[in-house]
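Peer 1: File start_29.cif below, mmCIF, C-alpha atoms:
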```cif
data_entry
#
loop_
_atom_site.label_atom_id
_atom_site.label_comp_id
_atom_site.auth_asym_id
_atom_site.auth_seq_id
_atom_site.Cartn_x
_atom_site.Cartn_y
_atom_site.Cartn_z
CA MET A 4 73.84 117.06 225.58
CA ARG A 5 76.08 114.77 223.58
CA GLY A 6 75.32 111.09 223.11
CA ARG A 7 76.87 108.18 221.28
CA MET A 8 75.97 107.88 217.59
CA VAL A 9 75.19 104.30 216.63
CA SER A 10 76.80 103.21 213.37
CA ALA A 11 74.98 101.54 210.49
CA ASN A 12 75.93 100.37 207.02
CA PRO A 13 73.98 100.16 203.74
CA ALA A 14 73.57 96.39 204.04
CA GLU A 15 71.24 96.97 207.02
CA GLY A 16 68.55 98.46 204.79
CA GLU A 17 65.96 100.68 206.45
CA ARG A 18 68.02 101.07 209.64
CA TYR A 19 70.81 102.65 207.59
CA TYR A 20 68.44 105.04 205.82
CA LEU A 21 66.80 105.99 209.13
CA ARG A 22 70.20 106.95 210.52
CA LEU A 23 70.97 108.88 207.32
CA LEU A 24 67.76 110.91 207.69
CA LEU A 25 68.40 111.57 211.37
CA LEU A 26 71.80 113.03 210.47
CA HIS A 27 70.30 115.50 208.01
CA ILE A 28 66.89 116.44 209.44
CA SER A 29 66.79 118.86 212.33
CA GLY A 30 64.40 118.30 215.22
CA PRO A 31 61.98 115.65 213.88
CA MET A 32 59.12 115.10 216.33
CA PHE A 33 57.52 112.03 214.72
CA PHE A 34 58.47 109.33 212.25
CA GLU A 35 56.15 111.02 209.78
CA ASP A 36 58.58 113.97 209.77
CA LEU A 37 61.24 111.62 208.44
CA TYR A 38 59.00 109.99 205.86
CA THR A 39 57.75 113.33 204.49
CA VAL A 40 59.52 115.29 201.75
CA ASN A 41 57.90 118.40 200.21
CA ASN A 42 54.61 117.54 201.91
CA VAL A 43 54.59 114.06 200.36
CA GLN A 44 54.76 111.12 202.74
CA HIS A 45 56.81 108.22 201.37
CA PRO A 46 56.40 104.55 202.36
CA THR A 47 60.03 103.84 203.33
CA PHE A 48 63.03 105.65 204.82
CA ARG A 49 65.00 104.76 201.70
CA LYS A 50 62.47 106.45 199.42
CA ALA A 51 62.51 109.54 201.64
CA ALA A 52 66.32 109.64 201.62
CA LEU A 53 66.31 109.23 197.85
CA GLU A 54 63.85 112.11 197.38
CA ARG A 55 66.00 114.32 199.61
CA GLY A 56 69.04 113.57 197.47
CA LEU A 57 70.89 111.85 200.32
CA ILE A 58 71.55 108.70 198.30
CA GLU A 59 72.05 107.96 194.64
CA SER A 60 69.44 106.13 192.61
CA ASP A 61 70.12 102.58 191.49
CA ASP A 62 69.03 103.55 187.97
CA GLY A 63 72.61 103.69 186.74
CA LEU A 64 73.39 100.24 188.13
CA SER A 65 70.20 98.82 186.66
CA GLN A 66 70.99 100.35 183.28
CA CYS A 67 74.49 98.87 183.45
CA LEU A 68 73.05 95.37 183.97
CA THR A 69 70.49 95.92 181.21
CA GLU A 70 73.15 96.93 178.69
CA ALA A 71 75.45 94.09 179.72
CA SER A 72 72.66 91.55 179.26
CA LEU A 73 72.56 92.41 175.53
CA PHE A 74 75.98 90.91 174.85
CA GLN A 75 77.23 89.18 178.02
CA ALA A 76 76.62 85.57 179.04
CA PRO A 77 74.52 84.97 182.18
CA ILE A 78 77.58 83.80 184.15
CA ALA A 79 79.22 87.19 183.45
CA LEU A 80 76.05 88.99 184.58
CA ARG A 81 76.06 87.04 187.83
CA ARG A 82 79.66 88.05 188.42
CA MET A 83 78.81 91.68 187.61
CA PHE A 84 75.93 91.57 190.07
CA ALA A 85 78.27 90.29 192.80
CA THR A 86 80.70 93.10 191.94
CA ILE A 87 77.90 95.67 192.23
CA LEU A 88 76.87 94.27 195.62
CA THR A 89 80.44 94.42 196.88
CA PHE A 90 81.65 97.76 195.58
CA CYS A 91 78.72 99.93 194.46
CA GLU A 92 76.49 99.98 197.59
CA PRO A 93 73.11 99.60 195.81
CA GLY A 94 70.18 100.96 197.76
CA ASP A 95 67.58 98.34 196.84
CA VAL A 96 69.29 95.01 196.28
CA ARG A 97 66.05 93.04 196.07
CA LYS A 98 64.70 95.28 193.30
CA LEU A 99 67.88 94.86 191.26
CA TRP A 100 67.56 91.10 191.77
CA ASP A 101 63.89 91.04 190.75
CA ASP A 102 64.43 93.28 187.71
CA HIS A 103 67.35 91.28 186.30
CA TYR A 104 66.73 87.75 187.53
CA ASN A 105 65.58 86.54 184.11
CA ALA A 106 68.88 87.67 182.58
CA PHE A 107 70.86 86.10 185.43
CA SER A 108 69.13 82.73 185.02
CA VAL A 109 68.57 82.27 181.26
CA ASP A 110 71.19 79.51 180.91
CA TYR A 111 69.98 77.50 183.90
CA ARG A 112 66.34 77.85 182.81
CA ARG A 113 67.27 76.15 179.54
CA GLN A 114 68.80 73.21 181.42
CA TYR A 115 66.36 72.65 184.28
CA GLY A 116 62.61 72.60 184.61
CA SER A 117 62.62 73.21 188.36
CA VAL A 118 62.13 76.89 189.19
CA GLU A 119 63.58 76.37 192.67
CA ARG A 120 66.65 74.58 191.34
CA VAL A 121 67.32 77.39 188.84
CA GLN A 122 67.12 80.02 191.58
CA ASN A 123 69.43 77.95 193.79
CA MET A 124 71.98 77.64 191.00
CA VAL A 125 71.96 81.39 190.36
CA LEU A 126 72.25 82.24 194.05
CA THR A 127 75.04 79.70 194.54
CA ASP A 128 77.02 81.26 191.68
CA ILE A 129 76.58 84.72 193.17
CA LYS A 130 77.56 83.41 196.60
CA VAL A 131 80.83 82.00 195.26
CA PHE A 132 81.64 85.23 193.41
CA LEU A 133 80.95 87.22 196.58
CA GLN A 134 83.20 84.93 198.60
CA SER A 135 86.01 85.46 196.08
CA MET A 136 85.61 89.18 196.83
CA SER A 137 85.75 88.53 200.61
CA ASN A 138 82.02 89.13 200.94
CA ASN A 139 79.05 87.13 202.19
CA ILE A 140 75.70 86.67 200.50
CA ASP A 141 73.94 86.64 203.89
CA GLY A 142 74.57 90.37 204.22
CA PHE A 143 72.23 91.23 201.33
CA ASP A 144 68.48 91.22 200.86
CA LEU A 145 68.34 88.23 198.52
CA PRO A 146 66.34 84.98 198.54
CA LYS A 147 67.82 82.24 200.68
CA ILE A 148 69.52 79.21 199.15
CA ASN A 149 67.46 76.09 199.77
CA GLU A 150 69.99 73.50 200.97
CA ASN A 151 67.50 70.70 200.32
CA VAL A 152 67.45 71.24 196.56
CA ASP A 153 69.81 68.96 194.62
CA LEU A 154 72.48 70.80 192.66
CA GLU A 155 74.58 67.81 191.63
CA SER A 156 73.58 67.84 187.97
CA GLY A 157 74.28 71.52 187.54
CA VAL A 158 77.20 72.97 185.59
CA PHE A 159 79.12 75.29 187.87
CA SER A 160 81.60 76.85 185.53
CA GLU A 161 82.01 79.30 182.67
CA ILE A 162 84.20 76.81 180.78
CA SER A 163 82.44 75.63 177.63
CA ARG A 164 83.04 72.16 176.22
CA GLN A 165 84.43 73.70 173.02
CA SER A 166 86.96 75.98 174.72
CA GLY A 167 90.72 75.38 174.72
CA THR A 168 90.65 75.06 178.50
CA ALA A 169 88.06 72.29 178.29
CA GLN A 170 90.12 70.42 175.68
CA LEU A 171 93.20 70.71 177.89
CA LEU A 172 91.30 69.38 180.91
CA GLN A 173 90.07 66.42 178.86
CA THR A 174 93.64 65.35 178.10
CA VAL A 175 95.24 65.74 181.55
CA LYS A 176 95.80 62.65 183.66
CA ALA A 177 95.99 64.31 187.09
CA ILE A 178 95.31 67.67 188.73
CA ILE A 179 97.26 68.82 191.80
CA TRP A 180 95.55 71.21 194.22
CA ASP A 181 97.93 72.52 196.87
CA GLU A 182 96.69 73.89 200.22
CA ALA A 183 93.29 72.38 199.52
CA SER A 184 92.48 72.43 203.23
CA MET A 185 91.97 76.19 202.91
CA ALA A 186 89.49 75.81 200.04
CA GLU A 187 85.75 75.85 200.60
CA ARG A 188 83.85 72.68 199.94
CA HIS A 189 81.68 74.49 197.38
CA ALA A 190 84.82 75.14 195.31
CA LEU A 191 85.72 71.44 195.41
CA GLU A 192 82.20 70.48 194.41
CA ALA A 193 82.28 73.06 191.61
CA VAL A 194 85.43 71.46 190.17
CA ASP A 195 83.80 68.04 190.45
CA ARG A 196 80.72 69.17 188.52
CA THR A 197 82.81 71.00 185.94
CA MET A 198 85.02 67.98 185.24
CA LYS A 199 81.97 65.73 184.94
CA ASP A 200 80.39 68.13 182.48
CA ILE A 201 83.56 68.49 180.38
CA THR A 202 84.44 64.78 180.25
CA GLY A 203 80.93 63.34 180.24
CA VAL A 204 82.12 60.84 182.88
CA MET A 205 80.00 60.69 186.03
CA LEU A 206 82.81 59.48 188.28
CA PRO A 207 84.22 61.93 190.88
CA PHE A 208 86.09 64.73 189.07
CA GLY A 209 85.19 63.20 185.73
CA GLY A 210 87.42 60.19 186.38
CA LYS A 211 90.58 62.34 186.62
CA ILE A 212 93.12 61.85 189.41
CA MET A 213 92.78 64.78 191.81
CA VAL A 214 95.66 65.18 194.26
CA LEU A 215 94.70 67.40 197.20
CA GLY A 216 97.52 68.61 199.40
CA GLY A 217 96.99 70.30 202.74
CA ASP A 218 97.01 70.14 206.52
CA PHE A 219 93.78 70.50 208.48
CA ARG A 220 95.78 71.54 211.54
CA GLN A 221 96.42 74.79 209.70
CA VAL A 222 93.92 77.53 208.90
CA LEU A 223 90.56 76.51 207.46
CA PRO A 224 88.59 78.46 204.84
CA VAL A 225 87.97 82.04 205.91
CA VAL A 226 84.26 82.69 206.42
CA ARG A 227 83.71 86.39 206.92
CA ARG A 228 82.16 86.95 210.36
CA GLY A 229 81.49 83.20 210.42
CA THR A 230 80.88 81.14 213.52
CA ARG A 231 82.90 78.08 214.43
CA ALA A 232 80.16 75.84 213.01
CA GLN A 233 80.07 77.79 209.73
CA THR A 234 83.85 77.63 209.36
CA VAL A 235 83.93 73.89 209.95
CA ASP A 236 80.96 73.36 207.61
CA SER A 237 82.76 75.25 204.81
CA SER A 238 85.73 72.85 204.91
CA ILE A 239 86.18 70.28 202.14
CA ARG A 240 86.21 67.78 205.00
CA MET A 241 82.42 68.28 205.16
CA SER A 242 81.86 67.82 201.42
CA SER A 243 79.85 64.88 200.11
CA LEU A 244 82.95 64.05 198.05
CA TRP A 245 85.05 63.39 201.15
CA SER A 246 83.99 59.75 201.47
CA SER A 247 85.29 59.01 197.96
CA ILE A 248 88.73 60.52 198.65
CA ILE A 249 91.63 58.24 199.64
CA LYS A 250 93.56 59.82 202.54
CA LEU A 251 97.34 59.55 202.56
CA ARG A 252 99.47 60.77 205.45
CA LEU A 253 103.15 61.68 205.65
CA THR A 254 105.04 59.28 207.92
CA ILE A 255 108.18 61.45 208.19
CA ASN A 256 108.10 65.12 209.06
CA THR A 257 110.87 66.69 206.98
CA ARG A 258 111.32 69.51 209.47
CA ALA A 259 112.33 66.93 212.04
CA LEU A 260 115.55 66.36 210.10
CA THR A 261 116.88 69.76 211.23
CA ASP A 262 115.06 70.37 214.51
CA PRO A 263 113.29 67.25 215.87
CA TRP A 264 112.15 69.00 219.07
CA PHE A 265 110.50 71.89 217.20
CA SER A 266 108.74 69.53 214.83
CA ASP A 267 107.41 67.42 217.70
CA PHE A 268 106.16 70.51 219.53
CA LEU A 269 104.23 71.73 216.47
CA LEU A 270 102.46 68.42 216.07
CA ARG A 271 101.43 68.48 219.75
CA VAL A 272 99.93 72.04 219.68
CA GLY A 273 96.37 71.29 220.87
CA ASP A 274 93.19 72.95 222.09
CA GLY A 275 93.63 75.09 225.19
CA VAL A 276 96.42 77.16 226.69
CA VAL A 277 100.00 77.04 225.42
CA ARG A 278 102.91 77.65 227.83
CA HIS A 279 106.35 77.38 226.39
CA PRO A 280 109.70 79.23 226.20
CA LEU A 281 108.86 80.09 222.59
CA LEU A 282 106.33 82.53 224.04
CA VAL A 283 108.02 85.62 225.41
CA SER A 284 106.26 88.26 227.46
CA MET A 285 106.34 91.75 225.97
CA LEU A 286 106.82 93.13 229.46
CA GLU A 287 109.88 90.96 230.09
CA ARG A 288 111.88 91.95 226.96
CA GLU A 289 113.60 95.30 227.04
CA PHE A 290 116.43 96.24 224.72
CA PHE A 291 118.70 99.25 225.10
CA LEU A 292 120.16 100.27 221.77
CA PRO A 293 122.58 103.18 221.38
CA ARG A 294 122.53 105.24 218.23
CA ILE A 295 125.61 104.45 216.19
CA PRO A 296 127.33 106.41 213.40
CA LEU A 297 126.58 105.12 209.91
CA CYS A 298 128.24 106.18 206.68
CA LEU A 299 126.94 105.85 203.17
CA SER A 300 128.83 103.46 200.94
CA GLU A 301 131.72 104.90 199.00
CA ASP A 302 130.48 106.47 195.79
CA ASP A 303 130.61 109.72 193.84
CA MET A 304 127.10 110.85 194.67
CA PHE A 305 128.28 113.60 197.02
CA PRO A 306 131.52 115.60 197.11
CA PHE A 307 131.64 114.92 200.83
CA LYS A 308 131.28 111.97 203.20
CA LEU A 309 127.82 111.78 204.76
CA LYS A 310 127.78 110.45 208.30
CA ARG A 311 124.76 110.22 210.60
CA LYS A 312 123.70 108.56 213.83
CA GLN A 313 120.71 106.25 214.00
CA PHE A 314 119.48 103.16 215.76
CA PRO A 315 120.86 99.97 214.17
CA ILE A 316 117.48 98.63 213.14
CA ARG A 317 116.78 96.95 209.85
CA LEU A 318 113.31 97.17 208.37
CA CYS A 319 111.49 93.85 208.43
CA PHE A 320 108.48 92.66 206.46
CA ALA A 321 105.20 92.14 208.30
CA MET A 322 102.17 90.16 207.22
CA THR A 323 99.11 88.62 208.79
CA ILE A 324 99.14 85.00 209.91
CA ASN A 325 96.79 83.95 207.13
CA LYS A 326 98.86 85.74 204.48
CA ALA A 327 101.97 83.96 205.75
CA HIS A 328 100.31 80.60 205.14
CA GLY A 329 102.44 78.34 202.95
CA GLN A 330 105.68 80.29 203.38
CA THR A 331 108.95 79.33 205.05
CA ILE A 332 110.77 82.27 206.65
CA GLN A 333 114.29 82.28 208.06
CA ASN A 334 113.57 84.48 211.09
CA VAL A 335 110.07 84.83 212.48
CA GLY A 336 108.70 87.20 215.12
CA ILE A 337 105.04 86.68 215.97
CA TYR A 338 103.26 89.66 217.52
CA LEU A 339 100.23 88.65 219.60
CA PRO A 340 98.86 91.63 221.53
CA GLU A 341 95.87 89.37 222.11
CA SER A 342 95.23 85.67 221.65
CA ILE A 343 94.54 84.25 218.22
CA PHE A 344 90.88 83.60 217.51
CA SER A 345 90.55 80.93 214.85
CA HIS A 346 91.49 77.34 214.15
CA GLY A 347 95.08 76.69 213.16
CA GLN A 348 96.37 80.25 213.33
CA LEU A 349 98.93 79.59 216.07
CA TYR A 350 100.06 76.40 214.32
CA VAL A 351 100.55 78.29 211.05
CA ALA A 352 102.38 81.16 212.72
CA LEU A 353 104.77 78.90 214.62
CA SER A 354 105.46 76.64 211.66
CA ARG A 355 106.63 79.47 209.36
CA GLY A 356 110.07 79.45 210.98
CA VAL A 357 112.75 76.88 210.14
CA SER A 358 113.54 76.15 213.81
CA ARG A 359 112.64 77.16 217.35
CA GLY A 360 115.81 79.23 217.60
CA ASN A 361 114.59 81.40 214.72
CA THR A 362 111.04 81.81 216.06
CA LYS A 363 109.89 84.14 218.83
CA VAL A 364 106.39 85.07 219.98
CA LEU A 365 105.62 88.28 221.86
CA VAL A 366 102.46 88.11 223.96
CA ILE A 367 100.87 90.35 226.58
CA PRO A 368 100.54 88.65 229.98
CA ASP A 369 96.92 87.93 230.81
CA GLU A 370 95.54 87.36 234.30
CA GLN A 371 93.00 84.84 233.00
CA PHE A 372 95.75 82.21 232.71
CA ASN A 373 96.54 80.40 235.95
CA GLY A 374 100.00 79.09 236.68
CA SER A 375 103.49 80.22 235.87
CA GLY A 376 105.01 80.95 232.51
CA VAL A 377 104.01 83.07 229.53
CA CYS A 378 100.76 81.89 227.97
CA THR A 379 98.47 82.32 224.99
CA VAL A 380 95.32 80.57 223.82
CA ASN A 381 95.46 78.02 221.02
CA VAL A 382 92.26 77.38 219.08
CA VAL A 383 91.67 73.99 217.46
CA TYR A 384 88.39 72.86 215.91
CA LYS A 385 88.78 69.19 216.73
CA GLU A 386 85.67 68.22 214.81
CA VAL A 387 87.56 68.78 211.55
CA LEU A 388 90.41 66.54 212.73
CA HIS A 389 88.55 63.49 214.02
CA ASP A 390 89.65 61.23 211.15
CA GLN A 391 93.10 62.75 210.68
#
```
Show me the file's structure as structure tokens.
Peer 2:
Amino acid sequence: MRGRMVSANPAEGERYYLRLLLLHISGPMFFEDLYTVNNVQHPTFRKAALERGLIESDDGLSQCLTEASLFQAPIALRRMFATILTFCEPGDVRKLWDDHYNAFSVDYRRQYGSVERVQNMVLTDIKVFLQSMSNNIDGFDLPKINENVDLESGVFSEISRQSGTAQLLQTVKAIIWDEASMAERHALEAVDRTMKDITGVMLPFGGKIMVLGGDFRQVLPVVRRGTRAQTVDSSIRMSSLWSSIIKLRLTINTRALTDPWFSDFLLRVGDGVVRHPLLVSMLEREFFLPRIPLCLSEDDMFPFKLKRKQFPIRLCFAMTINKAHGQTIQNVGIYLPESIFSHGQLYVALSRGVSRGNTKVLVIPDEQFNGSGVCTVNVVYKEVLHDQ
């Protein structure tokens, strides 16, 4: 009898180790059969898997952190810990945390008397490092960040006041941050705290002019496996700094100078179903291309003339919608075998092209859409646009 094998990953803890044991132990009758190795019953599936040699010990990772703590600053240790979580698949994350927490937190313990605030600062650092590695702290067995603990007075940076970078930041008049709408609010708040610490000025961003450029109609920060609420909450729009930011809006859309209709259509892309000639059904487009003879350019590479038949197709460059963000492309083909799933993706995809004549979207017809025409779903989180 053959059944479906349920998958599991190391981040799931005991469930993962249970599956690992089931794959390597023949005919266990009771859970005790899985816990027992050489007639010794172990307290956890992980310990049993470790004793059977099915997983590697975390001793090497622990030793690595111990050695690094002798000469590395705590901020570097926190980054190393995030790297270990992301790439090294440690078996017991909580034990690594417990064993090395003092080394992770030594700088914050010197600054703050609150034990809870120190732990929050350390966890927040690790969270940001994990996010920079496209990972999420919620997937690991670590203490939870207490959102009620004030972090405003904390230094969130590895830039020391005596460094050349700090001296440069003290002299600048303004900082320009392009595509800020894609940044997480924690990053904005980190810059704010860093500038306050470097300048000693308690005004937003240390009194420096911060120019944030971006469009909230486009993609928001990417929260791995995040819900709509989590994605919206991660936006700088939800930061406590937002109320102190002066909002300026463009009154002329420069794209309208070359294609007013296309520009107007992009600005009207809203929540719901989109039906428009830009969207072309995959089932309605068929091309018949004959193979044609092609010759290599004239050169002395061969003593003969090489001639071959092939389809007249030129290789194009493909990228994801999010990767295409910020680019302007002469000819754009958007491949949507299924509807987009996140805020602003359709807007970003459509607005990469210079005009409607250079932009085509291939979609698969779906019976869920009523009415005529080729359709796809557009996703807009209107709660992040309510003051735009």
Peer 1: Would you mind reading off the distance between CA of Val43 in chain A and CA of Ser60 in chain A, one decimal, in Å?
Peer 2: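 For CA of Val43 in chain A relative to CA of Ser60 in chain A, the distance reads 18.5 Å.
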Peer 1: On this structure, the PyMOL selection byres ((chain A and resi 99) around 12) would catch which residues? List them as a ChimeraX atom specification, sorted by chain and number.
Peer 2: /A:60-69,81,83-85,87-88,92-98,100-107,143-145
Peer 1: Run the PyMOL selection byres ((chain A and resi 320-325) around 7) on the file and write out the hits as an MDAnalysis selection string.
Peer 2: chainID A and resid 318:319 326:328 348 351:352
Peer 1: State, in Å with one decimal place, the distance from CA of Lys211 in chain A to CA of Ile178 in chain A.
Peer 2: 7.4 Å
Peer 1: Between A:Pro340, A:Gly203, A:Pro31, A:Gly347, which residue has the minimum interatomic distance to Ser184 in chain A, considering all atoms listed in the file?
Peer 2: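 Residue with the minimum atom-to-atom distance to Ser184 in chain A: A:Gly347.
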Peer 1: Would you write out, as a list in words, every residue that the PyMOL selection byres ((chain A and resi 314) around 8) captures in this file?
Peer 2: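 The output of the PyMOL selection byres ((chain A and resi 314) around 8) on this file is Leu292, Pro293, Arg294, Ile295, Lys312, Gln313, Pro315 and Ile316 of chain A.
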Peer 1: Can you tell me, as a ChimeraX atom specification, what residues are no more than 12 Å from Lys385 in chain A when counting only C-alpha atoms, ignoring any on the same chain fewer than 3 positions away?
Peer 2: /A:219-221,223,231-232,235,272-275,346-347,381-382,388-391
Peer 1: Any chance you can output those residues with C-alpha atoms as a PDB file, in the coordinates of the input?
Peer 2:
```
ATOM      1  CA  PHE A 219      93.780  70.500 208.480  1.00  0.00           C
ATOM      2  CA  ARG A 220      95.780  71.540 211.540  1.00  0.00           C
ATOM      3  CA  GLN A 221      96.420  74.790 209.700  1.00  0.00           C
ATOM      4  CA  LEU A 223      90.560  76.510 207.460  1.00  0.00           C
ATOM      5  CA  ARG A 231      82.900  78.080 214.430  1.00  0.00           C
ATOM      6  CA  ALA A 232      80.160  75.840 213.010  1.00  0.00           C
ATOM      7  CA  VAL A 235      83.930  73.890 209.950  1.00  0.00           C
ATOM      8  CA  VAL A 272      99.930  72.040 219.680  1.00  0.00           C
ATOM      9  CA  GLY A 273      96.370  71.290 220.870  1.00  0.00           C
ATOM     10  CA  ASP A 274      93.190  72.950 222.090  1.00  0.00           C
ATOM     11  CA  GLY A 275      93.630  75.090 225.190  1.00  0.00           C
ATOM     12  CA  HIS A 346      91.490  77.340 214.150  1.00  0.00           C
ATOM     13  CA  GLY A 347      95.080  76.690 213.160  1.00  0.00           C
ATOM     14  CA  ASN A 381      95.460  78.020 221.020  1.00  0.00           C
ATOM     15  CA  VAL A 382      92.260  77.380 219.080  1.00  0.00           C
ATOM     16  CA  LEU A 388      90.410  66.540 212.730  1.00  0.00           C
ATOM     17  CA  HIS A 389      88.550  63.490 214.020  1.00  0.00           C
ATOM     18  CA  ASP A 390      89.650  61.230 211.150  1.00  0.00           C
ATOM     19  CA  GLN A 391      93.100  62.750 210.680  1.00  0.00           C
TER      20      GLN A 391
END
```
Peer 1: If we count all atoms listed in the file, what is near Ile162 in chain A at a cut-off of 10 Å, once residues fewer than 6 positions away on the same chain are taken out, given as an MDAnalysis selection string?
Peer 2: chainID A and resid 168:169 197:198 200:201
Peer 1: Figure out the distance between CA of Tyr384 in chain A and CA of Gly229 in chain A, please, to one decimal in Å.
Peer 2: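 Separating CA of Gly229 in chain A from CA of Tyr384 in chain A is a distance of 13.6 Å.
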Peer 1: Extract, using only C-alpha atoms, all DNA, RNA and protein residues at most 12 Å from Asp236 in chain A, discarding same-chain residues fewer than 2 positions from it, and format them as a list of chain:residue names.
Peer 2: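 Within the cut-off, the hits are A:Ala186, A:Glu187, A:Arg188, A:His189, A:Leu223, A:Pro224, A:Val225, A:Val226, A:Gly229, A:Thr230, A:Arg231, A:Ala232, A:Gln233, A:Thr234, A:Ser238, A:Ile239, A:Arg240, A:Met241, A:Ser242, A:Ser243, A:Tyr384, A:Glu386, A:Val387.
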Peer 1: Take the selection from the previous step and output its residues with C-alpha atoms, as a tab-separated table (two decimals), in the frame of the given file.
Peer 2:
```
chain	number	residue	atom	x	y	z
A	186	ALA	CA	89.49	75.81	200.04
A	187	GLU	CA	85.75	75.85	200.60
A	188	ARG	CA	83.85	72.68	199.94
A	189	HIS	CA	81.68	74.49	197.38
A	223	LEU	CA	90.56	76.51	207.46
A	224	PRO	CA	88.59	78.46	204.84
A	225	VAL	CA	87.97	82.04	205.91
A	226	VAL	CA	84.26	82.69	206.42
A	229	GLY	CA	81.49	83.20	210.42
A	230	THR	CA	80.88	81.14	213.52
A	231	ARG	CA	82.90	78.08	214.43
A	232	ALA	CA	80.16	75.84	213.01
A	233	GLN	CA	80.07	77.79	209.73
A	234	THR	CA	83.85	77.63	209.36
A	238	SER	CA	85.73	72.85	204.91
A	239	ILE	CA	86.18	70.28	202.14
A	240	ARG	CA	86.21	67.78	205.00
A	241	MET	CA	82.42	68.28	205.16
A	242	SER	CA	81.86	67.82	201.42
A	243	SER	CA	79.85	64.88	200.11
A	384	TYR	CA	88.39	72.86	215.91
A	386	GLU	CA	85.67	68.22	214.81
A	387	VAL	CA	87.56	68.78	211.55
```
Peer 1: Given the choices A:Asp267, A:Glu192, A:Asp181, A:Asp110, which gets closest to Ala79 in chain A if the distance is worked out from only C-alpha atoms?
Peer 2: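 Counting only C-alpha atoms, the residue closest to Ala79 in chain A is A:Asp110.
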Peer 1: Please check which residues have atoms at most 9 Å from (57.1, 106.7, 210.5) in the file's coordinates, counting all atoms listed in the file, and write them as a list in words.
Peer 2: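 Applying the cut-off with all atoms listed in the file, one gets Phe33, Phe34, Glu35, Asp36, Leu37, Tyr38, Thr39, Pro46, Thr47 and Phe48 of chain A.
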Peer 1: Output C-alpha atoms for every residue in that selection, as an mmCIF file, in the coordinates of the input.
Peer 2:
```cif
data_model
loop_
_atom_site.group_PDB
_atom_site.id
_atom_site.type_symbol
_atom_site.label_atom_id
_atom_site.label_comp_id
_atom_site.auth_asym_id
_atom_site.auth_seq_id
_atom_site.Cartn_x
_atom_site.Cartn_y
_atom_site.Cartn_z
ATOM 1 C CA PHE A 33 57.520 112.030 214.720
ATOM 2 C CA PHE A 34 58.470 109.330 212.250
ATOM 3 C CA GLU A 35 56.150 111.020 209.780
ATOM 4 C CA ASP A 36 58.580 113.970 209.770
ATOM 5 C CA LEU A 37 61.240 111.620 208.440
ATOM 6 C CA TYR A 38 59.000 109.990 205.860
ATOM 7 C CA THR A 39 57.750 113.330 204.490
ATOM 8 C CA PRO A 46 56.400 104.550 202.360
ATOM 9 C CA THR A 47 60.030 103.840 203.330
ATOM 10 C CA PHE A 48 63.030 105.650 204.820
#
```
Peer 1: Which one of A:Leu172, A:Gly217, A:Ala71, A:Thr89 sits closest to Lys199 in chain A if you count all atoms listed in the file?
Peer 2: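 For Lys199 in chain A, the nearest of the given residues is A:Leu172.
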Peer 1: Using all atoms listed in the file, which residue out of A:Val283, A:Val222, A:Gly376, A:Arg359 lies closest to Phe344 in chain A?
Peer 2: A:Val222
Peer 1: Of the residues A:Glu370, A:Asp195, A:Asp218, A:Glu59, which is the one nearest to Trp245 in chain A, using all atoms listed in the file?
Peer 2: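 Ranking A:Glu370, A:Asp195, A:Asp218, A:Glu59 by distance to Trp245 in chain A, first place goes to A:Asp195.
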Peer 1: Looking at all atoms listed in the file, which of A:Leu24, A:Ile367, A:Val204, A:Val357 is the one that sits closest to Leu339 in chain A?
Peer 2: A:Ile367
